[in-house]
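Below is one structure; the comments refer to it alone.
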Amino acid sequence: NAPQRNNVLAGLDVVWRVGAGLRADAELLVDDFATESASQPDRLGYQLGLSWAGQTAGEATDARVELVKVYQYTYAVFYDADLVLDGVPLGYGSGPDVQHVEAWAERDLSTDARLGLGLDWTRRGEGVPGDPWEPSTGGSRTSGATLSGVVERRAFPHVRFRGSWRDVAEIRVHAGLLAI
């Protein structure tokens, strides 16, 4: 009788309302801490964010900066109990093996329209969802923290528009140049 194994994913969210429209937030995702051997990597992810909401020149304005990091091998284990559905991780949809920074500011044009500027910056390693760490490959607790292989870099500075119609439909447009 083979032992039954599972893969449990845990998360912790923290929000701190600093005051004057300022909010800090963080999320920790724990797929696995290396406990079985010194060569097993930790499989983690985290998100750190800072948001502001207030008035500029009499109009409502929002701004946000967010950093996301998901280690390589997160969501997958070598015994086929991964946390991937149809090729998409059940945690952060763009991870594993990714670092992502997003910054934006938007201002109301009217009650139904907002305009702003944004920047998305992503670094992605060669790891793919469902690609597990194999015990025979060795490594260390921190070997999954570094982006793997050739690192792809993308920057997307853009203009953002969001409009709504009677709380029935919403359109969002981000137009800019993708730099690779």
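Scheme for the structure tokens: letters A, B, ... for chains in order shown; per-chain residue numbers from 1; ligand numbers from 1 in order shown.
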Need to verify the contact set: A:Val30, 12 Å, only C-alpha atoms, exclusion of same-chain residues closer than 4 positions in sequence. Can you return it as a compact mmCIF listing (two decimals) with all heavy atoms, in the first residue's frame?
```txt
# COMPACT_ATOMS: atom_id res chain seq x y z
N ASN A 7 -0.88 17.98 -1.68
CA ASN A 7 -0.19 19.24 -1.85
C ASN A 7 -1.13 20.33 -1.35
O ASN A 7 -2.17 20.56 -1.94
CB ASN A 7 0.18 19.45 -3.33
CG ASN A 7 1.10 20.64 -3.52
OD1 ASN A 7 1.65 21.17 -2.57
ND2 ASN A 7 1.26 21.06 -4.75
N VAL A 8 -0.77 20.96 -0.26
CA VAL A 8 -1.62 21.96 0.37
C VAL A 8 -1.02 23.34 0.13
O VAL A 8 0.18 23.54 0.27
CB VAL A 8 -1.75 21.70 1.89
CG1 VAL A 8 -2.57 22.78 2.57
CG2 VAL A 8 -2.35 20.32 2.12
N LEU A 9 -1.86 24.29 -0.24
CA LEU A 9 -1.45 25.66 -0.47
C LEU A 9 -2.08 26.52 0.62
O LEU A 9 -3.26 26.41 0.90
CB LEU A 9 -1.95 26.11 -1.85
CG LEU A 9 -1.52 27.45 -2.37
CD1 LEU A 9 -0.04 27.42 -2.72
CD2 LEU A 9 -2.31 27.79 -3.62
N ALA A 10 -1.28 27.37 1.26
CA ALA A 10 -1.79 28.24 2.32
C ALA A 10 -1.44 29.69 1.99
O ALA A 10 -0.45 29.96 1.32
CB ALA A 10 -1.18 27.85 3.66
N GLY A 11 -2.26 30.59 2.47
CA GLY A 11 -2.01 32.00 2.22
C GLY A 11 -2.32 32.84 3.44
O GLY A 11 -3.07 32.42 4.33
N LEU A 12 -1.73 34.00 3.49
CA LEU A 12 -1.97 34.95 4.57
C LEU A 12 -2.05 36.34 3.94
O LEU A 12 -1.16 36.72 3.17
CB LEU A 12 -0.82 34.90 5.58
CG LEU A 12 -0.84 35.98 6.67
CD1 LEU A 12 -2.00 35.75 7.62
CD2 LEU A 12 0.48 35.98 7.42
N ASP A 13 -3.12 37.06 4.23
CA ASP A 13 -3.30 38.42 3.72
C ASP A 13 -3.30 39.40 4.88
O ASP A 13 -3.93 39.12 5.91
CB ASP A 13 -4.65 38.55 2.99
CG ASP A 13 -4.68 37.75 1.72
OD1 ASP A 13 -4.93 36.54 1.82
OD2 ASP A 13 -4.48 38.33 0.66
N ALA A 34 10.76 23.89 2.51
CA ALA A 34 11.68 22.76 2.37
C ALA A 34 11.88 22.11 3.73
O ALA A 34 12.55 22.64 4.59
CB ALA A 34 13.01 23.24 1.80
N ASP A 42 12.31 25.89 -1.29
CA ASP A 42 11.05 26.46 -0.82
C ASP A 42 10.22 26.83 -2.04
O ASP A 42 10.76 27.24 -3.07
CB ASP A 42 11.29 27.72 0.02
CG ASP A 42 11.92 27.42 1.37
OD1 ASP A 42 11.62 26.36 1.94
OD2 ASP A 42 12.70 28.27 1.84
N ARG A 43 8.91 26.70 -1.93
CA ARG A 43 8.00 27.07 -3.01
C ARG A 43 7.02 28.10 -2.44
O ARG A 43 6.06 27.75 -1.77
CB ARG A 43 7.32 25.83 -3.56
CG ARG A 43 8.35 24.93 -4.28
CD ARG A 43 7.76 23.68 -4.85
NE ARG A 43 7.40 22.67 -3.89
CZ ARG A 43 8.24 21.77 -3.37
NH1 ARG A 43 9.50 21.77 -3.71
NH2 ARG A 43 7.82 20.87 -2.54
N LEU A 44 7.32 29.37 -2.73
CA LEU A 44 6.62 30.48 -2.12
C LEU A 44 6.21 31.52 -3.15
O LEU A 44 6.68 31.50 -4.28
CB LEU A 44 7.53 31.19 -1.10
CG LEU A 44 8.18 30.34 -0.02
CD1 LEU A 44 9.23 31.16 0.73
CD2 LEU A 44 7.14 29.81 0.92
N GLY A 45 5.39 32.43 -2.72
CA GLY A 45 5.05 33.61 -3.49
C GLY A 45 4.65 34.72 -2.53
O GLY A 45 4.25 34.45 -1.40
N TYR A 46 4.80 35.96 -2.97
CA TYR A 46 4.35 37.07 -2.15
C TYR A 46 3.94 38.24 -3.03
O TYR A 46 4.33 38.34 -4.18
CB TYR A 46 5.41 37.50 -1.13
CG TYR A 46 6.73 37.94 -1.72
CD1 TYR A 46 6.93 39.24 -2.15
CD2 TYR A 46 7.79 37.04 -1.82
CE1 TYR A 46 8.13 39.64 -2.69
CE2 TYR A 46 9.00 37.43 -2.35
CZ TYR A 46 9.16 38.73 -2.78
OH TYR A 46 10.37 39.13 -3.31
N GLN A 47 3.12 39.10 -2.46
CA GLN A 47 2.65 40.31 -3.11
C GLN A 47 2.72 41.42 -2.08
O GLN A 47 2.29 41.24 -0.93
CB GLN A 47 1.22 40.12 -3.61
CG GLN A 47 0.57 41.37 -4.17
CD GLN A 47 -0.30 42.07 -3.14
OE1 GLN A 47 -1.02 41.43 -2.38
NE2 GLN A 47 -0.24 43.38 -3.10
N VAL A 70 6.75 35.07 -7.49
CA VAL A 70 6.38 33.68 -7.28
C VAL A 70 7.59 32.82 -7.65
O VAL A 70 8.11 32.92 -8.76
CB VAL A 70 5.16 33.25 -8.12
CG1 VAL A 70 4.79 31.80 -7.83
CG2 VAL A 70 3.97 34.16 -7.83
N TYR A 71 8.05 32.02 -6.70
CA TYR A 71 9.22 31.17 -6.90
C TYR A 71 8.96 30.09 -7.96
O TYR A 71 7.83 29.67 -8.17
CB TYR A 71 9.60 30.46 -5.60
CG TYR A 71 10.19 31.32 -4.52
CD1 TYR A 71 9.97 32.70 -4.44
CD2 TYR A 71 10.98 30.75 -3.54
CE1 TYR A 71 10.51 33.46 -3.43
CE2 TYR A 71 11.53 31.51 -2.53
CZ TYR A 71 11.29 32.86 -2.48
OH TYR A 71 11.84 33.61 -1.47
N TYR A 73 8.87 26.36 -9.34
CA TYR A 73 8.34 25.09 -8.81
C TYR A 73 7.11 25.27 -7.93
O TYR A 73 6.52 24.29 -7.49
CB TYR A 73 9.39 24.30 -8.01
CG TYR A 73 10.70 24.15 -8.71
CD1 TYR A 73 11.88 24.63 -8.14
CD2 TYR A 73 10.79 23.51 -9.94
CE1 TYR A 73 13.09 24.49 -8.78
CE2 TYR A 73 11.99 23.36 -10.59
CZ TYR A 73 13.15 23.86 -10.00
OH TYR A 73 14.35 23.71 -10.64
N THR A 74 6.66 26.51 -7.67
CA THR A 74 5.45 26.71 -6.87
C THR A 74 4.27 26.15 -7.65
O THR A 74 4.22 26.25 -8.87
CB THR A 74 5.26 28.21 -6.57
OG1 THR A 74 6.43 28.68 -5.88
CG2 THR A 74 4.04 28.47 -5.73
N TYR A 75 3.34 25.56 -6.96
CA TYR A 75 2.11 24.94 -7.47
C TYR A 75 2.31 23.51 -7.97
O TYR A 75 1.35 22.89 -8.41
CB TYR A 75 1.45 25.75 -8.61
CG TYR A 75 1.28 27.21 -8.33
CD1 TYR A 75 1.96 28.17 -9.07
CD2 TYR A 75 0.42 27.65 -7.32
CE1 TYR A 75 1.81 29.52 -8.81
CE2 TYR A 75 0.27 28.99 -7.06
CZ TYR A 75 0.96 29.92 -7.81
OH TYR A 75 0.80 31.25 -7.55
N GLY A 91 -3.12 29.81 -7.89
CA GLY A 91 -2.76 31.01 -7.12
C GLY A 91 -2.63 32.21 -8.03
O GLY A 91 -3.61 32.70 -8.58
N TYR A 92 -1.43 32.66 -8.27
CA TYR A 92 -1.15 33.81 -9.14
C TYR A 92 -1.12 33.31 -10.58
O TYR A 92 -0.26 32.52 -10.96
CB TYR A 92 0.17 34.45 -8.74
CG TYR A 92 0.49 35.72 -9.47
CD1 TYR A 92 -0.29 36.86 -9.28
CD2 TYR A 92 1.58 35.79 -10.32
CE1 TYR A 92 0.00 38.04 -9.95
CE2 TYR A 92 1.87 36.97 -10.99
CZ TYR A 92 1.09 38.09 -10.80
OH TYR A 92 1.38 39.25 -11.47
```
**Report entry** Residue contacts of stretch 131-137 of chain A (8 Å, only C-alpha atoms) excluding same-chain residues fewer than 2 positions away, as a list in words
**Finding:** Ser39, Gln40, Pro41, Tyr73, Thr74, Ala76, Val77, Phe78, Gly127, Val128, Pro129 and Gly139 of chain A
Dump N, CA and C atoms for the selected residues as a PDB file, in the first residue's frame?
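To be explicit, this is the file written out as again37.pdb:
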```pdb
ATOM      1  N   SER A  39      18.307  19.823   0.040  1.00  0.00           N
ATOM      2  CA  SER A  39      18.355  20.146  -1.389  1.00  0.00           C
ATOM      3  C   SER A  39      16.984  20.532  -1.942  1.00  0.00           C
ATOM      4  N   GLN A  40      15.946  20.427  -1.144  1.00  0.00           N
ATOM      5  CA  GLN A  40      14.591  20.761  -1.590  1.00  0.00           C
ATOM      6  C   GLN A  40      14.389  22.277  -1.530  1.00  0.00           C
ATOM      7  N   PRO A  41      13.874  22.905  -2.612  1.00  0.00           N
ATOM      8  CA  PRO A  41      13.651  24.361  -2.583  1.00  0.00           C
ATOM      9  C   PRO A  41      12.321  24.724  -1.914  1.00  0.00           C
ATOM     10  N   TYR A  73       8.865  26.363  -9.342  1.00  0.00           N
ATOM     11  CA  TYR A  73       8.344  25.093  -8.810  1.00  0.00           C
ATOM     12  C   TYR A  73       7.105  25.273  -7.934  1.00  0.00           C
ATOM     13  N   THR A  74       6.661  26.514  -7.667  1.00  0.00           N
ATOM     14  CA  THR A  74       5.454  26.713  -6.872  1.00  0.00           C
ATOM     15  C   THR A  74       4.272  26.153  -7.651  1.00  0.00           C
ATOM     16  N   ALA A  76       3.509  22.965  -7.973  1.00  0.00           N
ATOM     17  CA  ALA A  76       3.706  21.624  -8.541  1.00  0.00           C
ATOM     18  C   ALA A  76       4.619  20.793  -7.646  1.00  0.00           C
ATOM     19  N   VAL A  77       4.347  19.502  -7.599  1.00  0.00           N
ATOM     20  CA  VAL A  77       5.200  18.545  -6.888  1.00  0.00           C
ATOM     21  C   VAL A  77       5.442  17.340  -7.787  1.00  0.00           C
ATOM     22  N   PHE A  78       6.508  16.620  -7.511  1.00  0.00           N
ATOM     23  CA  PHE A  78       6.900  15.514  -8.382  1.00  0.00           C
ATOM     24  C   PHE A  78       5.960  14.317  -8.295  1.00  0.00           C
ATOM     25  N   GLY A 127      10.623  28.605 -16.038  1.00  0.00           N
ATOM     26  CA  GLY A 127       9.719  27.687 -15.350  1.00  0.00           C
ATOM     27  C   GLY A 127       8.291  27.846 -15.840  1.00  0.00           C
ATOM     28  N   VAL A 128       7.564  26.739 -15.913  1.00  0.00           N
ATOM     29  CA  VAL A 128       6.179  26.757 -16.374  1.00  0.00           C
ATOM     30  C   VAL A 128       5.277  26.124 -15.313  1.00  0.00           C
ATOM     31  N   PRO A 129       3.988  26.496 -15.300  1.00  0.00           N
ATOM     32  CA  PRO A 129       3.063  25.881 -14.341  1.00  0.00           C
ATOM     33  C   PRO A 129       3.058  24.359 -14.486  1.00  0.00           C
ATOM     34  N   GLY A 139      19.801  20.781  -5.346  1.00  0.00           N
ATOM     35  CA  GLY A 139      19.529  22.203  -5.201  1.00  0.00           C
ATOM     36  C   GLY A 139      19.688  22.635  -3.764  1.00  0.00           C
TER      37      GLY A 139
END
```
**Report entry** All strand (DSSP E) residues (DSSP, backbone) inside stretch 30-151 of chain A, as a ChimeraX atom specification
**Finding:** /A:30-32,43-56,59-70,84-85,88-89,98-110,113-124
Restricting it to C-alpha atoms, dump the selection as a short mmCIF file (atom, residue, chain, number, x, y, z; two decimals), in the first residue's frame.
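Result file is again_36.cif:
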```cif
data_model
loop_
_atom_site.label_atom_id
_atom_site.label_comp_id
_atom_site.auth_asym_id
_atom_site.auth_seq_id
_atom_site.Cartn_x
_atom_site.Cartn_y
_atom_site.Cartn_z
CA VAL A 30 3.11 29.06 0.93
CA ASP A 31 3.03 26.01 -1.30
CA ASP A 32 5.83 24.22 0.51
CA ARG A 43 8.00 27.07 -3.01
CA LEU A 44 6.62 30.48 -2.12
CA GLY A 45 5.05 33.61 -3.49
CA TYR A 46 4.35 37.07 -2.15
CA GLN A 47 2.65 40.31 -3.11
CA LEU A 48 3.33 43.75 -1.61
CA GLY A 49 1.17 46.74 -2.44
CA LEU A 50 0.62 50.38 -1.61
CA SER A 51 -2.57 52.22 -2.66
CA TRP A 52 -3.72 55.82 -2.35
CA ALA A 53 -7.14 57.34 -2.95
CA GLY A 54 -7.87 61.06 -2.67
CA GLN A 55 -8.55 64.27 -4.54
CA THR A 56 -6.40 66.13 -7.07
CA GLU A 59 -11.48 65.17 -8.80
CA ALA A 60 -11.21 61.67 -7.33
CA THR A 61 -7.80 60.09 -8.00
CA ASP A 62 -6.43 56.60 -7.23
CA ALA A 63 -2.87 55.29 -7.45
CA ARG A 64 -1.26 51.90 -6.76
CA VAL A 65 2.15 50.25 -6.77
CA GLU A 66 2.33 46.45 -6.49
CA LEU A 67 5.18 43.92 -6.50
CA VAL A 68 4.57 40.18 -7.02
CA LYS A 69 7.16 37.38 -6.83
CA VAL A 70 6.38 33.68 -7.28
CA VAL A 84 -2.64 23.76 -11.81
CA LEU A 85 -5.92 23.60 -13.74
CA VAL A 88 -3.11 27.93 -15.16
CA PRO A 89 -1.90 27.99 -11.53
CA VAL A 98 7.95 35.37 -12.27
CA GLN A 99 8.49 38.86 -10.84
CA HIS A 100 5.93 41.54 -11.70
CA VAL A 101 5.70 45.23 -10.81
CA GLU A 102 2.65 47.31 -11.62
CA ALA A 103 2.21 51.04 -11.03
CA TRP A 104 -0.69 53.23 -12.10
CA ALA A 105 -2.63 56.40 -11.36
CA GLU A 106 -6.17 57.19 -12.55
CA ARG A 107 -8.35 60.28 -12.26
CA ASP A 108 -12.09 60.74 -12.74
CA LEU A 109 -13.13 62.51 -15.93
CA SER A 110 -16.82 62.13 -14.98
CA ALA A 113 -15.13 57.66 -17.01
CA ARG A 114 -11.55 57.54 -15.69
CA LEU A 115 -8.23 58.26 -17.39
CA GLY A 116 -4.73 57.49 -16.19
CA LEU A 117 -1.17 56.31 -16.78
CA GLY A 118 0.36 52.95 -15.92
CA LEU A 119 3.46 50.81 -16.16
CA ASP A 120 3.64 47.00 -16.02
CA TRP A 121 7.11 45.48 -15.75
CA THR A 122 7.60 41.70 -15.78
CA ARG A 123 10.62 39.40 -15.51
CA ARG A 124 9.87 35.74 -16.25
#
```
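Interatomic distance, atom CA of A:Ala155 against atom CA of A:Glu126: 17.7 Å.
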Query - Selected residue of minimal separation from A:Arg162 among A:Asp112, A:Ala179, A:Gly149, A:Ser143, counting only C-alpha atoms - result: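 Ranked by minimum distance to A:Arg162, first place goes to A:Asp112.
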Query - Spatial neighbours of A:Arg172, max dist 9 Å, only C-alpha atoms, sep filter under 2 positions, as a list in words - result: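 Skipping anything fewer than 2 positions along the chain leaves Arg160, Phe161, Arg162, Gly163, Ser164, Glu170 and His174 of chain A.
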Query - Nearest residue to A:His158 from the set A:Ala145, A:Leu178, A:Ala57, A:Val14 (distances using only C-alpha atoms) - result: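 Of the candidates, the smallest distance to A:His158 is held by A:Leu178.
You will find atom CA of A:Gly176 at 5.7 Å from atom CA of A:Pro157.
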